[in-house]
Amino acid sequence: MYLSKCIRFCLQQTARTVSKESPLWKRYSTAAVQPKIDTSFVGALKTIVGDANVSTADAIREQHGHDESHHAVAMPDVVVFAESVDHVSKVSKLCNDTKVPLIPFGSGTGLEGGVNALQGGVCLDVTKMDQIVQVNAEDFDCTVQPGVMRLGLNNYLRDTGLWFPIDPGADASVCGMCATSASGTNAVKYGTMRENVLNLQVVLPDGRVIDTAGRGRRTKKTSAGYNLTNLFLGSEGTLGTITEATVRLYGIPEKTISAVCHFNEVSEAVDTVVQILQCGIPMAKLEFLDDSAIDCFNRFCKYDMTVAHSLFLEFHGPAYGLEDQFQSVKELIEMNNGFGLKQASDADERNRLWKARHEMVWACTARIPGSKPYSTDVCVPITNLPEIITKTKQMVVEADVIGPMVGHVGDGNFHIFFPCDHSDTETFKKIKDISHKMAVMAMELNGTCTGEHGIGIGKRDLLVAEVGEETLGAMKQIKETFDPNNIMNPGKVFF
Ligand SMILES: Cc1cc2c(cc1C)N(C[C@H](O)[C@H](O)[C@H](O)COP(=O)(O)OP(=O)(O)OC[C@H]1O[C@@H](n3cnc4c(N)ncnc43)[C@H](O)[C@@H]1O)c1[nH]c(=O)[nH]c(=O)c1N2
Ligand SMILES: CC(C)C(=O)C(=O)O
Ligand SMILES: [Mn+2]
């Protein structure tokens, strides 16, 4: 009750359009930096990275002024392609000295407007720094530069029998995934980026280069001082530019079983998930798709799956015992009136199934031509999942909007994707309203407004409601310590 009152209070105080005159704005906003981008500034950039690595062309700026979210394009004044840590360091220092905004750019697959240059400035594209620095196969770790993409890394690793399992669906850069603290379908078994990053090299706004755990350190455990690695995970480019990440690897499982089953009631599917977890069955993937999601999926991927609430499941492990795990899950599915349980028998079928799951965003946006995805991303303790999913589903039905639900329910995390066309103001208002109510409901149920996509632009008002004013104040102090001139991705995470 107390929590919910606090949340409501904070939300009233920080209503979406916070007045710039309000004390809250003054306390929590970071002073806007005044870009000073003229020909001499661009010339200085060219001196650092070479003429060919600086672009002021509209097409390049437009491409770097947005991610995959519905947020309006906000173009940087100039795009710089860094080829080395030295480039990143010198460009950062230049921006800091001249108080020009600097926005790190990974691969632009974010869903919260993280790369949109709200105040213009320099977009720092790090995709040319694409070396796998080292693989320590016997220690199960590797170090990558910021341009290394997760699929490229897994292709490279294949012959070693290892893989990097964090799978946000999109082929994102590993360092971008650090910056948003990404996760996705495999987190039930392998955890999120937070559990899988051992060390980060970061260029601070003033050009200093640090290694969050110390140069070359790559232990699974450490008690040495503050956990700076974790501080940069989820920092969304607001504290520094990540130029190297050391991440954990895992053995490719000896056996994989994927399966699908269906339910008539949302509650039956969600109860099954909670019971699977409570029985301690070590699932690799435990994904919920509601009937509307299956319908989008069938239309887009030319599938003919039963249109009902569904669970997509995957088991990873040694061949011995995996079938037993499957049988235990089968019993729980049957106990909860699940039907149509089907194993994806071979790798092709499995890949087709998961490929389709990852294309849900496009399947959903294809329902309204010209729309962009508006994704929600709440996460609650697992026992509160049935309540929030049922209430959310009701809101979507009552609002009469297209809003398929997809969830990494094994983690208590789920999304409604709305195909969003800003020109349809009535629908857009309904979408924003549901999205806001979902976040408030999640917080009231001891959860979070974002399980994996981050705060970006759209959830800044929710952050204060989630963590409270004092905690937000502490976060702001950290920001001011690392970035006193507020050049790093200004306007993100905080107002
Ligand atoms: C179809 C589809 C499906 C999904 C998702 C996207 C899409 C398009 N995502 C979201 C997305 O893949 C995720 O946010 C990535 O981690 C972003 O990585 P990029 O390299 O694209 O960062 P991108 O370039 O989009 O940047 C994102 C943020 O990180 C910062 N940043 C990027 N590189 C940086 C660096 N080197 N140093 C410092 N800051 C940096 C940027 O400034 C920005 O604030 C997701 N996510 C998820 O967790 N689970 C999921 O299930 C999905 N599913
Ligand atoms: C919202 C989308 C992109 C997502 O995170 C997912 O498909 O899991
Ligand atoms: Mn997701």
# chains A, B, ... in the order shown; residues from 1 in each chain; ligands from 1
$ residues_near_ligand --ligand "ligand 2" --cutoff "6 Å" --atoms "only C-alpha atoms and all ligand atoms" --output "ChimeraX atom specification"
/A:184,358,361,375,415
$ write_last_selection --atoms "all heavy atoms" --output "PDB file, in the first residue's frame"
ATOM      1  N   GLY A 184      17.168 -11.566 -22.827  1.00  0.00           N
ATOM      2  CA  GLY A 184      16.472 -12.263 -23.923  1.00  0.00           C
ATOM      3  C   GLY A 184      16.086 -13.667 -23.525  1.00  0.00           C
ATOM      4  O   GLY A 184      15.894 -13.967 -22.343  1.00  0.00           O
ATOM      5  N   HIS A 358      11.840 -14.718 -32.680  1.00  0.00           N
ATOM      6  CA  HIS A 358      12.603 -13.475 -32.643  1.00  0.00           C
ATOM      7  C   HIS A 358      12.095 -12.463 -33.665  1.00  0.00           C
ATOM      8  O   HIS A 358      12.454 -11.292 -33.590  1.00  0.00           O
ATOM      9  CB  HIS A 358      14.091 -13.762 -32.855  1.00  0.00           C
ATOM     10  CG  HIS A 358      14.713 -14.396 -31.636  1.00  0.00           C
ATOM     11  ND1 HIS A 358      14.562 -13.869 -30.382  1.00  0.00           N
ATOM     12  CD2 HIS A 358      15.465 -15.502 -31.484  1.00  0.00           C
ATOM     13  CE1 HIS A 358      15.205 -14.626 -29.503  1.00  0.00           C
ATOM     14  NE2 HIS A 358      15.753 -15.629 -30.148  1.00  0.00           N
ATOM     15  N   VAL A 361       8.682  -8.971 -33.357  1.00  0.00           N
ATOM     16  CA  VAL A 361       8.586  -7.513 -33.456  1.00  0.00           C
ATOM     17  C   VAL A 361       8.151  -7.116 -34.858  1.00  0.00           C
ATOM     18  O   VAL A 361       7.249  -6.283 -35.047  1.00  0.00           O
ATOM     19  CB  VAL A 361       9.948  -6.848 -33.167  1.00  0.00           C
ATOM     20  CG1 VAL A 361       9.841  -5.344 -33.233  1.00  0.00           C
ATOM     21  CG2 VAL A 361      10.475  -7.268 -31.830  1.00  0.00           C
ATOM     22  N   SER A 375       7.391  -1.003 -27.634  1.00  0.00           N
ATOM     23  CA  SER A 375       7.485  -2.208 -26.813  1.00  0.00           C
ATOM     24  C   SER A 375       7.441  -1.883 -25.330  1.00  0.00           C
ATOM     25  O   SER A 375       8.108  -0.967 -24.875  1.00  0.00           O
ATOM     26  CB  SER A 375       8.792  -2.918 -27.140  1.00  0.00           C
ATOM     27  OG  SER A 375       8.961  -3.981 -26.247  1.00  0.00           O
ATOM     28  N   HIS A 415       6.629  -8.639 -22.615  1.00  0.00           N
ATOM     29  CA  HIS A 415       6.415  -7.444 -23.440  1.00  0.00           C
ATOM     30  C   HIS A 415       5.048  -7.527 -24.125  1.00  0.00           C
ATOM     31  O   HIS A 415       4.633  -8.601 -24.512  1.00  0.00           O
ATOM     32  CB  HIS A 415       7.415  -7.342 -24.587  1.00  0.00           C
ATOM     33  CG  HIS A 415       8.810  -7.726 -24.252  1.00  0.00           C
ATOM     34  ND1 HIS A 415       9.631  -6.943 -23.491  1.00  0.00           N
ATOM     35  CD2 HIS A 415       9.550  -8.804 -24.590  1.00  0.00           C
ATOM     36  CE1 HIS A 415      10.823  -7.518 -23.377  1.00  0.00           C
ATOM     37  NE2 HIS A 415      10.789  -8.653 -24.038  1.00  0.00           N
TER      38      HIS A 415
END
$ residues_near_ligand --ligand "ligand 1" --cutoff "6 Å" --atoms "only C-alpha atoms and all ligand atoms" --output "number ranges by chain"
A: 67-68, 103-111, 114-115, 146, 168-170, 172-173, 175-177, 179-180, 182-184, 236-237, 240-243, 361, 452-453
$ residues_near_ligand --ligand "ligand 3" --cutoff "12 Å" --atoms "only C-alpha atoms and all ligand atoms" --output "PyMOL selection string"
chain A and resi 110-111+166-170+181-187+192+285-289+357-361+375-379+405-417+450-454
$ atom_distance --atom1 "atom CA of Asn96 of chain A" --atom2 "atom CA of Gly207 of chain A"
8.3 Å
$ closest_residue --among "A:His87, A:Lys342, A:Lys36, A:His422" --to "Gly370 of chain A" --atoms "only C-alpha atoms"
A:His422
$ residues_around --residues "Val85 of chain A" --least-positions-apart "3" --cutoff "8 Å" --atoms "only C-alpha atoms" --output "ChimeraX atom specification"
/A:82,88-89,203,243
$ atom_distance --atom1 "atom CA of Val270 of chain A" --atom2 "atom CA of Leu385 of chain A"
7.2 Å
$ select_by_dssp --residues "segment 102-287 of chain A" --states "strand (DSSP E)" --output "PyMOL selection string"
chain A and resi 102-105+122-125+132-136+141-144+162-163+197-203+209-211+241-248+250-251+255-263+285-287
$ residues_around --residues "Val79 of chain A" --least-positions-apart "6" --cutoff "8 Å" --atoms "only C-alpha atoms" --output "PyMOL selection string"
chain A and resi 54-56+60-61+64+122-125
$ residues_around --residues "Val174 of chain A" --least-positions-apart "4" --cutoff "7 Å" --atoms "only C-alpha atoms" --output "PyMOL selection string"
chain A and resi 146+148-150+178
$ closest_residue --among "A:Gly340, A:Gly403, A:Gly113, A:Pro484" --to "Gly456 of chain A" --atoms "only C-alpha atoms"
A:Gly113
$ closest_residue --among "A:Ile257, A:Ala347, A:Ser423, A:Asn298" --to "Glu323 of chain A" --atoms "only C-alpha atoms"
A:Ile257
$ closest_residue --among "A:His70, A:Ala308, A:Phe339, A:Tyr226" --to "Lys432 of chain A" --atoms "only C-alpha atoms"
A:His70
$ residues_around --residues "segment 40-43 of chain A" --least-positions-apart "5" --cutoff "9 Å" --atoms "only C-alpha atoms" --output "PyMOL selection string"
chain A and resi 48+51+54+56+78+94+98
$ write_last_selection --atoms "N, CA, C and O atoms" --output "PDB file, in the first residue's frame"
ATOM      1  N   ILE A  48      41.858  13.940 -35.730  1.00  0.00           N
ATOM      2  CA  ILE A  48      42.000  12.784 -34.818  1.00  0.00           C
ATOM      3  C   ILE A  48      41.780  11.464 -35.557  1.00  0.00           C
ATOM      4  O   ILE A  48      42.583  10.537 -35.448  1.00  0.00           O
ATOM      5  N   ASP A  51      39.950  12.066 -42.319  1.00  0.00           N
ATOM      6  CA  ASP A  51      38.805  12.653 -43.032  1.00  0.00           C
ATOM      7  C   ASP A  51      37.706  11.628 -43.306  1.00  0.00           C
ATOM      8  O   ASP A  51      36.512  11.909 -43.168  1.00  0.00           O
ATOM      9  N   VAL A  54      34.834  10.821 -40.678  1.00  0.00           N
ATOM     10  CA  VAL A  54      33.934  11.864 -40.158  1.00  0.00           C
ATOM     11  C   VAL A  54      32.888  12.139 -41.221  1.00  0.00           C
ATOM     12  O   VAL A  54      33.225  12.350 -42.381  1.00  0.00           O
ATOM     13  N   THR A  56      29.217  14.328 -42.156  1.00  0.00           N
ATOM     14  CA  THR A  56      28.110  15.228 -41.819  1.00  0.00           C
ATOM     15  C   THR A  56      26.980  15.046 -42.841  1.00  0.00           C
ATOM     16  O   THR A  56      26.046  15.852 -42.899  1.00  0.00           O
ATOM     17  N   VAL A  78      27.177  15.343 -36.342  1.00  0.00           N
ATOM     18  CA  VAL A  78      28.279  14.710 -37.060  1.00  0.00           C
ATOM     19  C   VAL A  78      28.445  13.279 -36.559  1.00  0.00           C
ATOM     20  O   VAL A  78      28.184  12.994 -35.384  1.00  0.00           O
ATOM     21  N   LEU A  94      38.037  15.855 -26.705  1.00  0.00           N
ATOM     22  CA  LEU A  94      37.659  17.053 -27.477  1.00  0.00           C
ATOM     23  C   LEU A  94      36.225  17.475 -27.139  1.00  0.00           C
ATOM     24  O   LEU A  94      35.944  18.659 -26.911  1.00  0.00           O
ATOM     25  N   THR A  98      35.049  20.943 -25.170  1.00  0.00           N
ATOM     26  CA  THR A  98      34.209  21.927 -25.864  1.00  0.00           C
ATOM     27  C   THR A  98      32.737  21.788 -25.475  1.00  0.00           C
ATOM     28  O   THR A  98      31.874  22.459 -26.037  1.00  0.00           O
TER      29      THR A  98
END
$ residues_around --residues "Gln119 of chain A" --least-positions-apart "6" --cutoff "12 Å" --atoms "only C-alpha atoms" --output "count of residues only"
26
$ closest_atom_pairs --of "segment 17-135 of chain A" --to "segment 247-254 of chain A" --cutoff "12 Å" --atoms "only C-alpha atoms" --output "CSV"
residue,atom,partner,partner_atom,distance
A:Ile132,CA,A:Val247,CA,11.4
A:Val133,CA,A:Val247,CA,11.6
A:Gln134,CA,A:Val247,CA,10.7
A:Val135,CA,A:Leu249,CA,9.3
$ write_last_selection --atoms "N, CA, C and O atoms" --output "short mmCIF file (atom, residue, chain, number, x, y, z; two decimals), in the first residue's frame"
data_model
loop_
_atom_site.label_atom_id
_atom_site.label_comp_id
_atom_site.auth_asym_id
_atom_site.auth_seq_id
_atom_site.Cartn_x
_atom_site.Cartn_y
_atom_site.Cartn_z
N ILE A 132 38.03 -9.64 -32.19
CA ILE A 132 37.92 -10.51 -31.01
C ILE A 132 39.33 -10.55 -30.44
O ILE A 132 40.25 -11.06 -31.08
N VAL A 133 39.52 -9.94 -29.31
CA VAL A 133 40.87 -9.70 -28.79
C VAL A 133 41.50 -11.00 -28.32
O VAL A 133 42.64 -11.30 -28.62
N GLN A 134 40.75 -11.78 -27.54
CA GLN A 134 41.28 -13.08 -27.13
C GLN A 134 40.15 -14.00 -26.71
O GLN A 134 39.09 -13.55 -26.26
N VAL A 135 40.40 -15.30 -26.92
CA VAL A 135 39.46 -16.32 -26.44
C VAL A 135 40.26 -17.23 -25.51
O VAL A 135 41.28 -17.79 -25.92
#
$ decode --residues "segment 193-237 of chain A" --atoms "C-alpha atoms" --output "PDB file, in the first residue's frame"
ATOM      1  CA  MET A 193      24.614  -9.455 -19.172  1.00  0.00           C
ATOM      2  CA  ARG A 194      24.980  -8.610 -15.473  1.00  0.00           C
ATOM      3  CA  GLU A 195      25.929 -12.190 -14.635  1.00  0.00           C
ATOM      4  CA  ASN A 196      28.139 -12.657 -17.691  1.00  0.00           C
ATOM      5  CA  VAL A 197      30.498  -9.706 -17.906  1.00  0.00           C
ATOM      6  CA  LEU A 198      33.832 -10.085 -16.130  1.00  0.00           C
ATOM      7  CA  ASN A 199      35.523  -6.835 -17.075  1.00  0.00           C
ATOM      8  CA  LEU A 200      35.021  -3.750 -19.235  1.00  0.00           C
ATOM      9  CA  GLN A 201      37.410  -1.266 -20.732  1.00  0.00           C
ATOM     10  CA  VAL A 202      35.774   2.146 -20.681  1.00  0.00           C
ATOM     11  CA  VAL A 203      36.816   5.508 -22.055  1.00  0.00           C
ATOM     12  CA  LEU A 204      35.609   8.199 -19.669  1.00  0.00           C
ATOM     13  CA  PRO A 205      34.344  11.516 -21.003  1.00  0.00           C
ATOM     14  CA  ASP A 206      37.635  13.266 -20.260  1.00  0.00           C
ATOM     15  CA  GLY A 207      39.531  10.684 -22.328  1.00  0.00           C
ATOM     16  CA  ARG A 208      40.896   8.526 -19.479  1.00  0.00           C
ATOM     17  CA  VAL A 209      40.843   4.802 -20.211  1.00  0.00           C
ATOM     18  CA  ILE A 210      39.936   2.482 -17.328  1.00  0.00           C
ATOM     19  CA  ASP A 211      39.409  -1.260 -16.899  1.00  0.00           C
ATOM     20  CA  THR A 212      36.542  -1.689 -14.467  1.00  0.00           C
ATOM     21  CA  ALA A 213      38.056  -4.781 -12.818  1.00  0.00           C
ATOM     22  CA  GLY A 214      41.704  -3.909 -13.528  1.00  0.00           C
ATOM     23  CA  ARG A 215      43.644  -4.546 -16.757  1.00  0.00           C
ATOM     24  CA  GLY A 216      43.593  -8.195 -17.801  1.00  0.00           C
ATOM     25  CA  ARG A 217      41.429  -9.389 -14.879  1.00  0.00           C
ATOM     26  CA  ARG A 218      38.924 -12.027 -15.915  1.00  0.00           C
ATOM     27  CA  THR A 219      37.903 -13.968 -12.849  1.00  0.00           C
ATOM     28  CA  LYS A 220      34.437 -15.292 -12.201  1.00  0.00           C
ATOM     29  CA  LYS A 221      34.640 -13.856  -8.689  1.00  0.00           C
ATOM     30  CA  THR A 222      36.164 -10.750  -7.154  1.00  0.00           C
ATOM     31  CA  SER A 223      35.719  -8.838  -3.934  1.00  0.00           C
ATOM     32  CA  ALA A 224      38.194  -6.133  -4.892  1.00  0.00           C
ATOM     33  CA  GLY A 225      36.586  -2.789  -4.248  1.00  0.00           C
ATOM     34  CA  TYR A 226      33.510  -1.293  -5.852  1.00  0.00           C
ATOM     35  CA  ASN A 227      31.849  -3.210  -8.664  1.00  0.00           C
ATOM     36  CA  LEU A 228      32.474  -0.696 -11.442  1.00  0.00           C
ATOM     37  CA  THR A 229      31.756  -3.369 -14.050  1.00  0.00           C
ATOM     38  CA  ASN A 230      28.175  -3.527 -12.898  1.00  0.00           C
ATOM     39  CA  LEU A 231      27.947   0.258 -12.768  1.00  0.00           C
ATOM     40  CA  PHE A 232      28.588   0.480 -16.502  1.00  0.00           C
ATOM     41  CA  LEU A 233      26.169  -2.362 -17.311  1.00  0.00           C
ATOM     42  CA  GLY A 234      22.901  -0.632 -18.153  1.00  0.00           C
ATOM     43  CA  SER A 235      24.478   2.833 -18.134  1.00  0.00           C
ATOM     44  CA  GLU A 236      23.205   3.425 -21.706  1.00  0.00           C
ATOM     45  CA  GLY A 237      26.177   5.441 -22.871  1.00  0.00           C
TER      46      GLY A 237
END
